[in-house]
$ cat input_28.txt   # compact mmCIF, C-alpha atoms and all ligand atoms
# COMPACT_ATOMS: atom_id res chain seq x y z
CA MET A 1 250.81 61.67 -13.27
CA ASP A 2 248.53 60.74 -10.36
CA GLU A 3 246.08 63.24 -8.94
CA LYS A 4 248.04 64.03 -5.76
CA LEU A 5 251.29 64.62 -7.62
CA ALA A 6 249.52 66.84 -10.15
CA GLU A 7 248.09 68.91 -7.28
CA VAL A 8 251.52 69.24 -5.62
CA ARG A 9 253.16 70.19 -8.95
CA ALA A 10 250.51 72.86 -9.52
CA ARG A 11 251.21 74.36 -6.08
CA LEU A 12 254.97 74.24 -6.70
CA LEU A 13 254.61 76.04 -10.04
CA LYS A 14 252.48 78.75 -8.48
CA LEU A 15 255.00 79.31 -5.68
CA SER A 16 257.97 79.36 -8.08
CA GLU A 17 256.24 81.79 -10.46
CA SER A 18 255.43 84.23 -7.72
CA ALA A 19 258.94 83.95 -6.19
CA GLU A 20 260.45 84.63 -9.62
CA ALA A 21 258.14 87.63 -10.14
CA ASP A 22 259.31 89.06 -6.80
CA GLY A 23 262.97 88.69 -7.79
CA GLU A 24 263.59 85.95 -5.19
CA PRO A 25 263.71 82.87 -7.45
CA LEU A 26 264.81 80.39 -4.74
CA ARG A 27 262.30 81.50 -2.08
CA TRP A 28 259.70 78.88 -3.00
CA PHE A 29 261.77 75.95 -1.73
CA GLU A 30 261.34 77.11 1.87
CA GLU A 31 257.67 77.90 1.23
CA LEU A 32 257.08 74.39 -0.11
CA TYR A 33 258.87 72.62 2.78
CA ALA A 34 257.25 74.84 5.43
CA GLY A 35 253.79 74.37 3.92
CA ALA A 36 254.19 70.57 3.75
CA GLU A 37 253.89 70.31 7.56
CA ARG A 38 256.12 67.21 7.55
CA ASP A 39 254.02 65.33 4.98
CA SER A 40 256.59 63.99 2.50
CA GLU A 41 253.88 63.46 -0.11
CA GLU A 42 253.81 67.26 -0.42
CA ILE A 43 257.43 67.23 -1.63
CA PRO A 44 257.41 65.92 -5.20
CA TRP A 45 261.10 64.91 -5.25
CA ALA A 46 261.09 63.14 -1.85
CA ARG A 47 262.14 59.54 -2.52
CA MET A 48 262.61 58.67 1.17
CA GLU A 49 265.57 56.51 0.15
CA PRO A 50 269.03 57.23 -1.24
CA HIS A 51 269.30 57.77 -4.98
CA PRO A 52 270.03 54.33 -6.50
CA LYS A 53 272.51 55.77 -9.02
CA MET A 54 274.54 57.33 -6.19
CA VAL A 55 274.51 54.08 -4.21
CA GLU A 56 275.62 52.10 -7.25
CA TRP A 57 278.38 54.54 -8.20
CA ILE A 58 279.81 54.77 -4.68
CA ALA A 59 279.76 50.98 -4.35
CA ASN A 60 282.02 50.79 -7.41
CA GLN A 61 284.47 53.47 -6.21
CA PRO A 62 286.10 52.04 -3.07
CA HIS A 63 288.89 54.66 -3.29
CA VAL A 64 286.32 57.47 -2.86
CA GLN A 65 286.08 58.11 0.88
CA GLY A 66 286.56 60.84 3.47
CA ARG A 67 284.60 64.10 3.75
CA ALA A 68 281.37 64.31 1.73
CA LEU A 69 279.18 67.31 0.99
CA VAL A 70 275.54 66.77 -0.03
CA VAL A 71 274.23 69.83 -1.87
CA GLY A 72 270.53 70.68 -1.50
CA CYS A 73 270.01 67.66 0.74
CA GLY A 74 266.20 67.84 0.83
CA LEU A 75 264.93 65.29 3.35
CA GLY A 76 268.39 63.81 4.01
CA ASP A 77 268.27 60.26 2.62
CA ASP A 78 271.41 60.59 0.46
CA ALA A 79 273.34 62.17 3.35
CA GLU A 80 272.29 59.46 5.81
CA TRP A 81 273.28 56.67 3.41
CA LEU A 82 276.72 58.21 2.88
CA SER A 83 277.19 58.56 6.62
CA VAL A 84 276.37 54.88 7.20
CA ALA A 85 278.75 54.04 4.31
CA GLY A 86 281.57 55.64 6.31
CA PHE A 87 281.78 59.21 4.99
CA ASP A 88 282.13 62.22 7.29
CA VAL A 89 279.07 64.03 5.92
CA THR A 90 278.03 67.67 5.77
CA ALA A 91 274.64 68.21 4.13
CA PHE A 92 273.10 71.58 3.41
CA ASP A 93 269.98 73.11 1.99
CA ILE A 94 268.78 76.65 1.41
CA SER A 95 265.57 75.81 3.26
CA GLN A 96 265.57 76.01 7.07
CA SER A 97 262.44 73.82 7.18
CA SER A 98 264.11 71.05 5.17
CA ILE A 99 267.09 71.06 7.55
CA ASP A 100 264.81 71.03 10.62
CA TRP A 101 262.92 68.14 9.02
CA CYS A 102 266.16 66.17 8.43
CA ARG A 103 267.18 66.64 12.06
CA GLU A 104 263.75 65.43 13.22
CA ARG A 105 263.79 62.41 10.92
CA PHE A 106 267.30 61.37 11.97
CA PRO A 107 267.75 62.48 15.61
CA SER A 108 270.81 60.25 16.17
CA SER A 109 272.45 61.19 12.91
CA THR A 110 276.15 61.98 12.68
CA VAL A 111 275.51 64.15 9.60
CA ASN A 112 276.32 67.83 10.03
CA TYR A 113 273.10 69.42 8.68
CA ARG A 114 273.41 73.10 7.77
CA VAL A 115 271.34 75.85 6.20
CA ALA A 116 273.47 77.38 3.42
CA ASP A 117 273.18 78.72 -0.11
CA LEU A 118 275.16 77.15 -2.94
CA LEU A 119 275.45 80.65 -4.42
CA SER A 120 277.53 81.78 -1.43
CA PRO A 121 278.86 78.75 0.45
CA PRO A 122 280.82 79.16 3.70
CA ILE A 123 284.44 80.08 3.01
CA GLU A 124 285.71 77.17 5.13
CA TRP A 125 284.22 74.73 2.62
CA ILE A 126 286.66 75.76 -0.11
CA GLU A 127 288.83 72.77 -1.18
CA SER A 128 287.44 70.76 1.75
CA PHE A 129 285.49 67.79 0.36
CA ASP A 130 286.60 64.46 -1.07
CA LEU A 131 283.13 63.88 -2.49
CA ILE A 132 280.40 66.31 -3.52
CA VAL A 133 276.95 64.93 -4.37
CA GLU A 134 274.60 67.12 -6.42
CA ILE A 135 271.27 65.47 -7.21
CA HIS A 136 268.54 67.52 -8.93
CA ILE A 137 269.82 70.91 -7.68
CA LEU A 138 271.27 72.68 -10.73
CA GLN A 139 268.18 71.74 -12.75
CA ALA A 140 265.99 73.42 -10.11
CA ILE A 141 267.90 76.74 -10.26
CA PRO A 142 266.89 79.29 -12.93
CA GLU A 143 269.26 79.83 -15.83
CA ASN A 144 270.30 83.37 -14.90
CA ILE A 145 271.94 82.18 -11.65
CA ARG A 146 272.72 78.57 -12.62
CA ASP A 147 276.28 79.26 -13.87
CA GLN A 148 277.16 80.87 -10.54
CA ALA A 149 275.65 77.92 -8.64
CA ALA A 150 277.57 75.36 -10.72
CA ASP A 151 280.87 77.24 -10.46
CA GLY A 152 280.77 76.88 -6.67
CA LEU A 153 281.01 73.08 -6.84
CA PRO A 154 284.58 72.45 -8.15
CA LYS A 155 285.92 75.07 -5.74
CA MET A 156 284.79 73.00 -2.75
CA LEU A 157 286.58 69.82 -3.90
CA SER A 158 289.83 68.86 -2.23
CA PRO A 159 292.71 67.81 -4.52
CA GLY A 160 291.74 64.37 -5.83
CA GLY A 161 288.11 64.91 -4.81
CA HIS A 162 285.10 63.66 -6.80
CA LEU A 163 281.91 65.37 -7.95
CA PHE A 164 278.86 63.15 -8.61
CA CYS A 165 275.75 64.60 -10.27
CA VAL A 166 272.32 63.34 -11.33
CA GLY A 167 269.71 65.32 -13.24
CA ARG A 168 267.41 65.69 -16.21
CA LEU A 169 269.15 65.75 -19.55
CA LEU A 170 268.24 68.17 -22.30
CA SER A 171 267.79 66.01 -25.37
CA GLN A 172 266.07 66.08 -28.74
CA GLN A 173 262.69 65.61 -27.12
CA ILE A 174 260.77 68.79 -26.36
CA PRO A 175 260.01 68.77 -22.59
CA ASP A 176 256.26 68.32 -22.16
CA GLU A 177 256.17 69.59 -18.59
CA PRO A 178 256.28 73.17 -17.33
CA THR A 179 259.51 74.23 -15.60
CA PRO A 180 261.13 73.98 -13.07
CA PRO A 181 262.95 71.64 -13.41
CA TRP A 182 264.99 72.72 -16.43
CA PRO A 183 266.73 69.83 -18.24
CA LEU A 184 270.48 70.50 -18.59
CA SER A 185 272.61 69.91 -21.66
CA ARG A 186 275.73 67.79 -21.61
CA THR A 187 277.60 70.67 -23.26
CA TRP A 188 276.65 73.06 -20.47
CA LEU A 189 277.61 70.58 -17.73
CA GLU A 190 280.96 69.74 -19.31
CA GLY A 191 281.67 73.43 -19.83
CA ARG A 192 280.94 74.35 -16.20
CA PHE A 193 283.16 71.54 -14.88
CA SER A 194 285.88 71.79 -17.52
CA ILE A 195 288.56 72.35 -14.88
CA LEU A 196 287.82 68.83 -13.58
CA ASN A 197 288.62 65.51 -15.19
CA PRO A 198 285.54 63.72 -16.61
CA MET A 199 285.03 60.15 -15.35
CA LEU A 200 281.48 59.23 -16.31
CA PHE A 201 278.52 60.50 -18.33
CA ASN A 202 275.63 58.04 -18.65
CA HIS A 203 272.08 58.50 -19.91
CA PHE A 204 269.24 56.69 -18.21
CA SER A 205 265.52 56.93 -17.55
CA ASN A 206 263.33 55.86 -14.66
CA GLU A 207 260.66 53.17 -14.98
CA ASP A 208 257.95 55.52 -13.73
CA SER A 209 258.82 58.27 -16.27
CA PRO A 210 260.45 56.50 -19.23
CA SER A 211 260.07 59.49 -21.56
CA VAL A 212 262.26 61.73 -19.36
CA ASP A 213 265.96 61.59 -20.28
CA ARG A 214 268.32 61.73 -17.32
CA TYR A 215 272.07 61.70 -16.74
CA GLN A 216 274.49 60.61 -14.07
CA ALA A 217 277.95 62.08 -14.30
CA ALA A 218 281.15 62.21 -12.30
CA TRP A 219 284.31 64.29 -12.40
CA CYS A 220 287.58 64.12 -10.51
CA ASN A 221 289.74 67.01 -9.35
CA GLU A 222 293.04 65.62 -10.57
CA SER A 223 294.80 65.07 -13.87
CA ASN A 224 294.55 61.29 -13.76
CA PRO A 225 291.27 60.16 -12.11
CA LEU A 226 292.35 56.51 -12.21
CA ALA A 227 295.72 57.11 -10.55
C1 LIG A 301 264.65 69.18 -6.51
S1 LIG A 301 265.16 69.29 -4.85
C2 LIG A 301 266.24 67.89 -4.69
C3 LIG A 301 266.49 67.49 -3.26
C4 LIG A 301 267.39 66.27 -3.05
N1 LIG A 301 268.73 66.49 -3.56
C5 LIG A 301 266.76 65.05 -3.66
O1 LIG A 301 267.30 64.53 -4.65
O2 LIG A 301 265.72 64.62 -3.14
C6 LIG A 301 266.25 70.68 -4.84
C7 LIG A 301 266.77 71.01 -3.45
O3 LIG A 301 267.79 71.99 -3.54
C8 LIG A 301 267.58 72.98 -2.56
N2 LIG A 301 268.19 74.21 -3.08
C9 LIG A 301 267.76 74.97 -4.11
N3 LIG A 301 268.59 75.99 -4.32
C10 LIG A 301 269.58 75.88 -3.42
C11 LIG A 301 270.75 76.63 -3.14
N4 LIG A 301 271.05 77.74 -3.82
N5 LIG A 301 271.55 76.23 -2.13
C12 LIG A 301 271.24 75.12 -1.40
N6 LIG A 301 270.15 74.37 -1.63
C13 LIG A 301 269.34 74.72 -2.63
C14 LIG A 301 266.07 73.02 -2.38
O4 LIG A 301 265.65 73.58 -1.16
C15 LIG A 301 265.71 71.53 -2.52
O5 LIG A 301 265.80 70.86 -1.30
$ encode --input "input_28.txt" --output "structure tokens"
Amino acid sequence: MDEKLAEVRARLLKLSESAEADGEPLRWFEELYAGAERDSEEIPWARMEPHPKMVEWIANQPHVQGRALVVGCGLGDDAEWLSVAGFDVTAFDISQSSIDWCRERFPSSTVNYRVADLLSPPIEWIESFDLIVEIHILQAIPENIRDQAADGLPKMLSPGGHLFCVGRLLSQQIPDEPTPPWPLSRTWLEGRFSILNPMLFNHFSNEDSPSVDRYQAAWCNESNPLA
């Protein structure tokens, strides 16, 4: 890990520990974005480009189109890519500063950026989206509220809608980094989304962190996802 990233990680861990101790475990996201003062190097997950696994999966699913919801959109790159690809995109984050930052980065965007909490999403989002993208959100939410966060996702899918997720996979290897993020098990993911039809579950790792196991997975809200 380079020196800058190590410094940012240390700050993140301090903020998350103190938020947890105060009983507000998600507070640190806003603190991190607000404190970054628009320097993306202060946001350890900021890729400044769409996630390549999402781009690849969407490119191979021409029948997936319509209304898309990007959960925990961060700095907005996944949402913007989906918008250019033809989706009618809503993207939300719990952090007001991240949403302000997205709007500043993409002033002509057609994405509907919103501040919202996955733990209590707006009622009008129920059964509304043909595609939901969740990248690195559930793994950033502590275990005691993670079930509730995950259970919100299938409810927002329209009939026939698709859920696409990317995250760290809990495997045989003992994680050598402090948490968050918490790697997630395949059993837990499949259990949370058992009302959906599984389409994909792939393991992969990134070149820059080959020892970290990751997954990409997709589910469909219908009995025959290939119909
Ligand atoms: C690890 S970051 C990933 C951001 C983005 N998806 C990406 O891949 O770059 C987790 C994001 O989820 C947001 N988040 C955390 N808990 C949330 C919640 N309950 N509702 C909405 N957003 C949440 C955070 O503010 C942060 O932007």
$ closest_residue --input "input_28.txt" --among "A:Val89, A:Leu12, A:Leu169, A:Ile126" --to "ligand LIG 301 (chain A)" --atoms "all atoms listed in the file"
A:Leu12
$ closest_residue --input "input_28.txt" --among "A:Ala59, A:Leu26, A:Leu200, A:Val212" --to "Arg146 (chain A)" --atoms "all atoms listed in the file"
A:Leu26
$ closest_residue --input "input_28.txt" --among "A:Leu170, A:Val133, A:Leu82, A:Met199" --to "Leu69 (chain A)" --atoms "only C-alpha atoms"
A:Val133
$ residues_near_ligand --input "input_28.txt" --ligand "ligand LIG 301 (chain A)" --cutoff "7 Å" --atoms "all atoms listed in the file" --output "list in words"
Leu26, Phe29, Glu30, Trp45, Ala46, Arg47, Val71, Gly72, Cys73, Gly74, Leu75, Phe92, Asp93, Ile94, Ser95, Ser98, Ala116, Asp117, Leu118, Leu119, Glu134, Ile135, His136, Ile137, Ala140, Ile141 and Ala149 of chain A
$ atom_distance --input "input_28.txt" --atom1 "CA of Lys155 (chain A)" --atom2 "CA of Met48 (chain A)"
29.3 Å
$ atom_distance --input "input_28.txt" --atom1 "CA of Asp39 (chain A)" --atom2 "CA of Ser97 (chain A)"
12.2 Å
